[in-house]
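Chemist: Quick one: this structure, given as structure tokens, is what I'll be asking you about.
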Number of protein chains: 2
Amino acid sequence: MDQDSVDLLEESAFSAHPQFASTLAHGLTVLKCFVGGASTLGNKDIAERTGLTRPTVSRLTFTLMGFGFLRRDRKTNQYALGPGVLSLGYPVLSQLALRHVAASEMLELAQFARGPISVGTRDRLQVVYVETVQGRDTNSTKPDIGSTRPMLRTAIGRALMYAHHPEDRKILSSRLKTAQPEEWEQFSSKLESAFAEIDSMGFCTVIADWRPNLAAVAVPVLAPVNGLTLALNLTVPAYATDRAQLEKSLGPRLVSLVRNAEYKLGLV
Amino acid sequence: MDQDSVDLLEESAFSAHPQFASTLAHGLTVLKCFVGGASTLGNKDIAERTGLTRPTVSRLTFTLMGFGFLRRDRKTNQYALGPGVLSLGYPVLSQLALRHVAASEMLELAQFARGPISVGTRDRLQVVYVETVQGRDTNSTKPDIGSTRPMLRTAIGRALMYAHHPEDRKILSSRLKTAQPEEWEQFSSKLESAFAEIDSMGFCTVIADWRPNLAAVAVPVLAPVNGLTLALNLTVPAYATDRAQLEKSLGPRLVSLVRNAEYKLGLV
DNA sequence: GCATGAGTTCCAAATAATGGAATGCATGTT
DNA sequence: AACATGCATTCCATTATTTGGAACTCATGC
């Protein structure tokens with residue numbers, strides 16, 4: 001089964017594959033320019049970032065606009081992502097049963113802990129949030145659906161790796177090792193201890209590995225939900241908690257929330 | 001300015017345009033198969049729905065998987081939208097300043113009215129939701145970000161048309177007229193009265209034009225926010241309200257919420 | 001063990017993408 | 001007001017890529 005984990009192929013192996021459709025890839029690369037970069041770009045900027053020529057970019061942006069994936073600012077003639085990309089995400093969200101069965105418990109725990117709870121899945125080598133819930137009266141900003149997190153530095157990333165089938169986990173690890181050697185060097189031992197934590201307690205804890213002022217616990221969902229491998233996290237300001245609270249209170253509470261959701265979903 | 005409203009071109013004029021990149025378009029058409037249709041499809045199914053041949057679809061799906069826009073179920077060998085599409089939506093959401101400045105007032109009003117409040121913008125000839133807020137203890141389901149609504153049947157659609165520049169509104173109307181002749185026939189007069197309502201009171205009201213058991217008020221945002229033309233709605237079960245409450249209480253409250261947000265955003 | 005259905009590979013034909021050069025358009029400058 | 005600059009688009013010949021029929025492989029079920 002050659003075609004199985006195309007999303008984990010190395011860039012060069014991917015684009016050299018006989019099945020690779022380069023024009024489609026170019027168009028998608030244009031879209032990617034707007035993710036995690038400038039929010040508006042002209043054809044010139046896109047050409048520079050993608051290595052495509054200006055006429056080519058012009059045709060691609062034209063086509064992407066027709067599908068509603070790009071829009072253009074009348075004033076500046078610059079492009080931005082269009083609302084059409086949101087409707088692509090809708091089926092992914094609405095089909096995710098976990099969001100409904102766990103919603104009220106997530107809100108309750110988020111209130112109690114005074115920090116947001118998120119559900120994440122994997123997009124290539126990153127975590128992407130598919131749901132976030134936050135109580136009222138917290139001053140922390142709620143991370144948006146679709147935002148991404150590094151896999152190795154975060155609690156949810158480590159829990160998410162744990163959630164994968166051993167076979168997939170192996171492929172994933174080896175890709176991370178080659179794609180992010182310095183991250184791997186720095187965090188692979190912490191990944192191992194996270195796995196041990198999860199084995200013994202059901203959750204893993206991270207303090208300040210990603211953001212110096214954040215502490216988090218995370219729990220893997222033990223079977224795929226609607227085909228997606230999932231994990232949940234609960235984050236709080238580092239100054240507002242300590243290891244004891246994380247390990248005695250927040251971690252176990254998040255575990256029981258997840259076990260309960262798994263039960264409701266019939267994953268048992 | 002030939003390139004301005006490509007998103008409102010008719011299908012035939014779009015695909016015949018010399019700037020049209022057909023391979024990219026084919027790939028995007030494959031993605032669209034998963035929006036508002038079956039959630040999982042095999043290459044065969046995609047080939048049938050798109051009119052492309054199986055080998056072609058195979059290459060396109062391969063490429064889309066590499067970008068994380070499609071994933072594949074190991075068991076059934078069927079494709080589904082991948083988590084990567086969510087990260088495309090993130091910049092659109094996070095850059096939308098309105099979501100932040102209006103969040104707490106939206107929640108308050110949603111609690112009061114016992115119905116969800118949504119922010120919508122336009123994707124081609126539809127409304128697409130960019131934000132939804134719902135109070136606790138309502139039994140209505142909260143519409144998801146990225147879900148779409150018809151333009152002519154809904155209060156938010158009519159308010160959104162109102163929010164457009166007259167010039168754009170004209171183009172939009174004429175495209176709706178030709179693309180949805182029966183809808184236009186049935187609702188264009190209601191569109192006119194909605195405009196009149198908005199002119200005099202700031203909001204428009206719809207009862208049961210879209211869903212027989214839903215009533216809604218909607219308010220246009222009077223200037224684009226981050227380049228997006230917006231409108232807000234508030235929906236409640238039809239049995240739980242009446243025209244008087246909509247016109248005396250909910251409508252005016254939503255108007256003042258929107259005027260307040262516009263002020264905070266400096267749109268004045 | 002065989003038939004069926006789906007996905008992929010192969011390859012030659014043809015279509016569509018590509019990029020350098022020229023053109024058009026708008027903005028800001030002297 | 002005329003000009004210069006920068007960017008987007010158009011044009012078109014070349015080239016590379018896409019394309020789809022046919023063959024092949026694999027899995028499933030009878």
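Chain labels follow the order of the structure tokens: the first chain is A, the next B, and so on; residue numbering restarts at 1 in every chain, and ligands are counted from 1 in their shown order.
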Which chain A residues are at most 6 Å from chain B (counting only C-alpha atoms), as a ChimeraX atom specification?
Modeler: /A:6-7,19-20,23-24,59,63,65-66,68,83-87,89-90,123,146-147
Chemist: Fewer than 2 positions away in the same chain doesn't count, so skip those; otherwise give me all residues within 6 Å of Ala163 in chain A, counting only C-alpha atoms (C1' of nucleotides), as a ChimeraX atom specification.
Modeler: /A:160-161,220,222
Chemist: Near range 16-29 of chain D, within 9 Å and counting only C-alpha atoms (C1' of nucleotides), which residues show up once chain neighbours fewer than 4 positions away are dropped, as a list in words?
Modeler: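 The neighbour list is Ala21, Ser22 and Thr23 of chain A; Thr23, Thr53, Arg54, Pro55 and Thr56 of chain B; DT4, DG5, DA6, DG7, DT8, DT9, DC10, DA13, DA14, DT15, DA16, DA17 and DT18 of chain C.
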Chemist: Give the alpha helix (DSSP H) residues of range 140-215 of chain B, as DSSP finds them on the backbone, and put them as a VMD selection string.
Modeler: chain B and resid 155 to 163 166 to 179 181 to 201
Chemist: Write to file, as a PDB file, in the first residue's frame, the residues of the selection just made, with C-alpha atoms.
Modeler:
ATOM      1  CA  ALA B 155     -32.573  37.196   7.438  1.00  0.00           C
ATOM      2  CA  ILE B 156     -28.793  37.206   7.591  1.00  0.00           C
ATOM      3  CA  GLY B 157     -28.566  36.711   3.838  1.00  0.00           C
ATOM      4  CA  ARG B 158     -30.768  39.719   3.173  1.00  0.00           C
ATOM      5  CA  ALA B 159     -28.898  41.834   5.707  1.00  0.00           C
ATOM      6  CA  LEU B 160     -25.650  40.745   4.128  1.00  0.00           C
ATOM      7  CA  MET B 161     -26.813  41.838   0.695  1.00  0.00           C
ATOM      8  CA  TYR B 162     -27.721  45.159   2.226  1.00  0.00           C
ATOM      9  CA  ALA B 163     -24.218  45.456   3.627  1.00  0.00           C
ATOM     10  CA  PRO B 166     -24.506  49.324  -4.157  1.00  0.00           C
ATOM     11  CA  GLU B 167     -22.361  48.372  -7.108  1.00  0.00           C
ATOM     12  CA  ASP B 168     -21.567  44.924  -5.723  1.00  0.00           C
ATOM     13  CA  ARG B 169     -25.131  44.499  -4.624  1.00  0.00           C
ATOM     14  CA  LYS B 170     -26.256  44.999  -8.196  1.00  0.00           C
ATOM     15  CA  ILE B 171     -23.847  42.406  -9.579  1.00  0.00           C
ATOM     16  CA  LEU B 172     -24.821  40.027  -6.819  1.00  0.00           C
ATOM     17  CA  SER B 173     -28.526  40.478  -7.454  1.00  0.00           C
ATOM     18  CA  SER B 174     -28.219  39.840 -11.136  1.00  0.00           C
ATOM     19  CA  ARG B 175     -26.180  36.697 -10.530  1.00  0.00           C
ATOM     20  CA  LEU B 176     -28.723  35.435  -8.029  1.00  0.00           C
ATOM     21  CA  LYS B 177     -31.490  36.130 -10.469  1.00  0.00           C
ATOM     22  CA  THR B 178     -29.938  33.963 -13.164  1.00  0.00           C
ATOM     23  CA  ALA B 179     -28.434  31.301 -10.914  1.00  0.00           C
ATOM     24  CA  PRO B 181     -34.459  31.958 -10.797  1.00  0.00           C
ATOM     25  CA  GLU B 182     -37.118  30.212  -8.708  1.00  0.00           C
ATOM     26  CA  GLU B 183     -35.677  31.497  -5.434  1.00  0.00           C
ATOM     27  CA  TRP B 184     -35.463  34.970  -6.889  1.00  0.00           C
ATOM     28  CA  GLU B 185     -39.034  34.816  -8.101  1.00  0.00           C
ATOM     29  CA  GLN B 186     -40.211  33.758  -4.680  1.00  0.00           C
ATOM     30  CA  PHE B 187     -38.145  36.048  -2.475  1.00  0.00           C
ATOM     31  CA  SER B 188     -37.040  39.161  -4.328  1.00  0.00           C
ATOM     32  CA  SER B 189     -39.993  41.140  -3.030  1.00  0.00           C
ATOM     33  CA  LYS B 190     -39.139  40.063   0.517  1.00  0.00           C
ATOM     34  CA  LEU B 191     -35.597  41.165  -0.132  1.00  0.00           C
ATOM     35  CA  GLU B 192     -36.911  44.614  -0.991  1.00  0.00           C
ATOM     36  CA  SER B 193     -38.979  44.820   2.173  1.00  0.00           C
ATOM     37  CA  ALA B 194     -36.003  43.619   4.207  1.00  0.00           C
ATOM     38  CA  PHE B 195     -34.012  46.530   2.794  1.00  0.00           C
ATOM     39  CA  ALA B 196     -36.827  48.870   3.780  1.00  0.00           C
ATOM     40  CA  GLU B 197     -36.940  47.429   7.291  1.00  0.00           C
ATOM     41  CA  ILE B 198     -33.219  47.888   7.649  1.00  0.00           C
ATOM     42  CA  ASP B 199     -33.455  51.451   6.363  1.00  0.00           C
ATOM     43  CA  SER B 200     -36.060  52.364   8.938  1.00  0.00           C
ATOM     44  CA  MET B 201     -35.211  50.187  11.939  1.00  0.00           C
TER      45      MET B 201
END
Chemist: What separation in Å, quoted to one decimal, exists between CA of Asp209 in chain A and CA of Arg153 in chain A?
Modeler: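 Pair CA of Asp209 in chain A / CA of Arg153 in chain A returns 5.6 Å.
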Chemist: Pick out each residue of range 26-249 of chain A that DSSP on the backbone tags as strand (DSSP E or B); I need them as a PyMOL selection string.
Modeler: chain A and resi 41+70-72+79-81+117-123+126-133+148-150+204-207+214-220+225+228+231-237
Chemist: Save the residues we just selected, C-alpha atoms, as a PDB file, in the first residue's frame?
Modeler:
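Dumped everything to selection_4.pdb:
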ATOM      1  CA  LEU A  41      -0.075  39.309  -0.543  1.00  0.00           C
ATOM      2  CA  LEU A  70      -8.976  33.691  -2.292  1.00  0.00           C
ATOM      3  CA  ARG A  71     -10.444  37.144  -2.305  1.00  0.00           C
ATOM      4  CA  ARG A  72      -8.929  40.393  -3.331  1.00  0.00           C
ATOM      5  CA  TYR A  79      -5.085  38.805  -2.123  1.00  0.00           C
ATOM      6  CA  ALA A  80      -6.242  37.224   1.116  1.00  0.00           C
ATOM      7  CA  LEU A  81      -7.812  33.911   2.000  1.00  0.00           C
ATOM      8  CA  ILE A 117      -9.678  22.871  26.928  1.00  0.00           C
ATOM      9  CA  SER A 118      -8.974  21.915  23.334  1.00  0.00           C
ATOM     10  CA  VAL A 119      -9.313  18.864  21.136  1.00  0.00           C
ATOM     11  CA  GLY A 120      -6.529  18.319  18.644  1.00  0.00           C
ATOM     12  CA  THR A 121      -5.754  15.991  15.785  1.00  0.00           C
ATOM     13  CA  ARG A 122      -2.750  15.607  13.537  1.00  0.00           C
ATOM     14  CA  ASP A 123      -2.060  17.453  10.295  1.00  0.00           C
ATOM     15  CA  GLN A 126       1.645  19.290  13.636  1.00  0.00           C
ATOM     16  CA  VAL A 127      -1.269  19.345  15.997  1.00  0.00           C
ATOM     17  CA  VAL A 128      -4.328  21.168  14.696  1.00  0.00           C
ATOM     18  CA  TYR A 129      -7.152  22.159  17.028  1.00  0.00           C
ATOM     19  CA  VAL A 130     -10.605  20.951  16.077  1.00  0.00           C
ATOM     20  CA  GLU A 131     -12.423  22.321  19.111  1.00  0.00           C
ATOM     21  CA  THR A 132     -11.795  24.688  21.946  1.00  0.00           C
ATOM     22  CA  VAL A 133     -13.926  25.457  24.949  1.00  0.00           C
ATOM     23  CA  THR A 148      -1.616  24.575  15.058  1.00  0.00           C
ATOM     24  CA  ARG A 149       0.866  23.511  17.708  1.00  0.00           C
ATOM     25  CA  PRO A 150       4.236  21.762  17.525  1.00  0.00           C
ATOM     26  CA  CYS A 204       0.999  13.824  30.595  1.00  0.00           C
ATOM     27  CA  THR A 205       2.127  17.166  31.970  1.00  0.00           C
ATOM     28  CA  VAL A 206       4.134  19.919  30.347  1.00  0.00           C
ATOM     29  CA  ILE A 207       5.291  23.101  32.008  1.00  0.00           C
ATOM     30  CA  LEU A 214       1.936  28.000  30.117  1.00  0.00           C
ATOM     31  CA  ALA A 215       1.339  24.719  31.880  1.00  0.00           C
ATOM     32  CA  ALA A 216      -0.766  21.946  30.423  1.00  0.00           C
ATOM     33  CA  VAL A 217      -2.033  18.456  30.889  1.00  0.00           C
ATOM     34  CA  ALA A 218      -3.109  16.297  27.954  1.00  0.00           C
ATOM     35  CA  VAL A 219      -4.898  12.997  27.460  1.00  0.00           C
ATOM     36  CA  PRO A 220      -4.983  10.760  24.362  1.00  0.00           C
ATOM     37  CA  VAL A 225     -13.226   9.084  16.346  1.00  0.00           C
ATOM     38  CA  LEU A 228      -9.431  10.931  13.386  1.00  0.00           C
ATOM     39  CA  ALA A 231      -6.092  14.130  22.095  1.00  0.00           C
ATOM     40  CA  LEU A 232      -7.330  16.764  24.541  1.00  0.00           C
ATOM     41  CA  ASN A 233      -5.461  19.304  26.585  1.00  0.00           C
ATOM     42  CA  LEU A 234      -6.147  21.726  29.366  1.00  0.00           C
ATOM     43  CA  THR A 235      -3.879  24.733  29.656  1.00  0.00           C
ATOM     44  CA  VAL A 236      -3.492  27.206  32.484  1.00  0.00           C
ATOM     45  CA  PRO A 237      -1.060  30.037  33.194  1.00  0.00           C
TER      46      PRO A 237
END
Chemist: Given a cut-off of 8 Å, which residues of chain D touch chain A, counting only C-alpha atoms (C1' of nucleotides), written out as a list in words?
Modeler: DC7, DA8 and DT9 of chain D
Chemist: Filtering to N, CA, C and O atoms (P, O5', C5', C4', C3', O3' and C1' of nucleotides), could you give me those residues as a compact mmCIF listing (two decimals), in the first residue's frame?
Modeler:
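To be explicit, this is the file written out as result.txt:
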# COMPACT_ATOMS: atom_id res chain seq x y z
P DC D 7 6.83 46.04 -6.95
O5' DC D 7 5.44 45.43 -7.41
C5' DC D 7 4.25 46.14 -7.12
C4' DC D 7 3.21 45.81 -8.15
C3' DC D 7 3.06 44.31 -8.44
O3' DC D 7 1.76 43.92 -8.03
C1' DC D 7 3.04 45.62 -10.44
P DA D 8 1.34 42.40 -8.02
O5' DA D 8 0.36 42.33 -9.28
C5' DA D 8 -0.75 43.20 -9.32
C4' DA D 8 -1.36 43.13 -10.70
C3' DA D 8 -1.71 41.73 -11.17
O3' DA D 8 -3.08 41.72 -11.57
C1' DA D 8 -0.42 42.85 -12.81
P DT D 9 -3.77 40.36 -12.01
O5' DT D 9 -3.61 40.42 -13.59
C5' DT D 9 -4.11 41.54 -14.27
C4' DT D 9 -3.68 41.52 -15.72
C3' DT D 9 -4.05 40.24 -16.49
O3' DT D 9 -4.87 40.66 -17.58
C1' DT D 9 -1.83 40.92 -16.95
Chemist: Neighbouring residues of DC11 in chain D were defined as those with any atom within 10 Å, considering only C-alpha atoms (C1' of nucleotides); residues of the same chain fewer than 4 positions away were excluded. Please report them as a ChimeraX atom specification.
Modeler: /C:21-23
Chemist: Could the residues in this selection be saved with N, CA and C atoms (P, O5', C5', C4', C3', O3' and C1' of nucleotides) as an mmCIF file, in the first residue's frame?
Modeler:
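Final file, out-v9.cif:
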data_model
loop_
_atom_site.group_PDB
_atom_site.id
_atom_site.type_symbol
_atom_site.label_atom_id
_atom_site.label_comp_id
_atom_site.auth_asym_id
_atom_site.auth_seq_id
_atom_site.Cartn_x
_atom_site.Cartn_y
_atom_site.Cartn_z
ATOM 1 P P DA C 21 13.449 38.055 -22.328
ATOM 2 O "O5'" DA C 21 12.205 38.752 -23.048
ATOM 3 C "C5'" DA C 21 11.695 38.198 -24.268
ATOM 4 C "C4'" DA C 21 10.525 39.043 -24.749
ATOM 5 C "C3'" DA C 21 10.716 40.546 -24.561
ATOM 6 O "O3'" DA C 21 10.195 41.223 -25.700
ATOM 7 C "C1'" DA C 21 8.752 39.862 -23.466
ATOM 8 P P DA C 22 10.223 42.804 -25.811
ATOM 9 O "O5'" DA C 22 8.672 43.173 -25.857
ATOM 10 C "C5'" DA C 22 7.799 42.400 -26.683
ATOM 11 C "C4'" DA C 22 6.370 42.811 -26.401
ATOM 12 C "C3'" DA C 22 6.161 44.328 -26.311
ATOM 13 O "O3'" DA C 22 4.936 44.661 -26.932
ATOM 14 C "C1'" DA C 22 5.449 43.320 -24.316
ATOM 15 P P DT C 23 4.488 46.179 -27.037
ATOM 16 O "O5'" DT C 23 3.256 46.213 -26.039
ATOM 17 C "C5'" DT C 23 2.220 45.223 -26.160
ATOM 18 C "C4'" DT C 23 1.273 45.378 -24.987
ATOM 19 C "C3'" DT C 23 0.813 46.819 -24.734
ATOM 20 O "O3'" DT C 23 -0.601 46.847 -24.737
ATOM 21 C "C1'" DT C 23 1.521 45.796 -22.722
#
Chemist: Name the closest residue to chain C among the candidates B:Thr76, B:Gln134, B:Ser249, B:Ser256; distances are taken between atoms, counting only C-alpha atoms (C1' of nucleotides).
Modeler: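 When distances to chain C are compared using only C-alpha atoms (C1' of nucleotides), the smallest one comes from B:Thr76.
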Chemist: Between B:Leu125, B:Ala13, B:Cys33, B:Val57, which one has atoms that come closest to chain C, using only C-alpha atoms (C1' of nucleotides)?
Modeler: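 Under the stated criterion, the closest residue is B:Val57.
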Chemist: Rounded to one decimal in Å, what is the spacing between C1' of DG6 in chain D and C1' of DG19 in chain C?
Modeler: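 So the answer is 19.2 Å.
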Chemist: Pick the closest to chain B from C:DC11, C:DG20, C:DC2, C:DC25: which is it, counting only C-alpha atoms (C1' of nucleotides)?
Modeler: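 Among the listed residues, C:DC25 lies closest to chain B.
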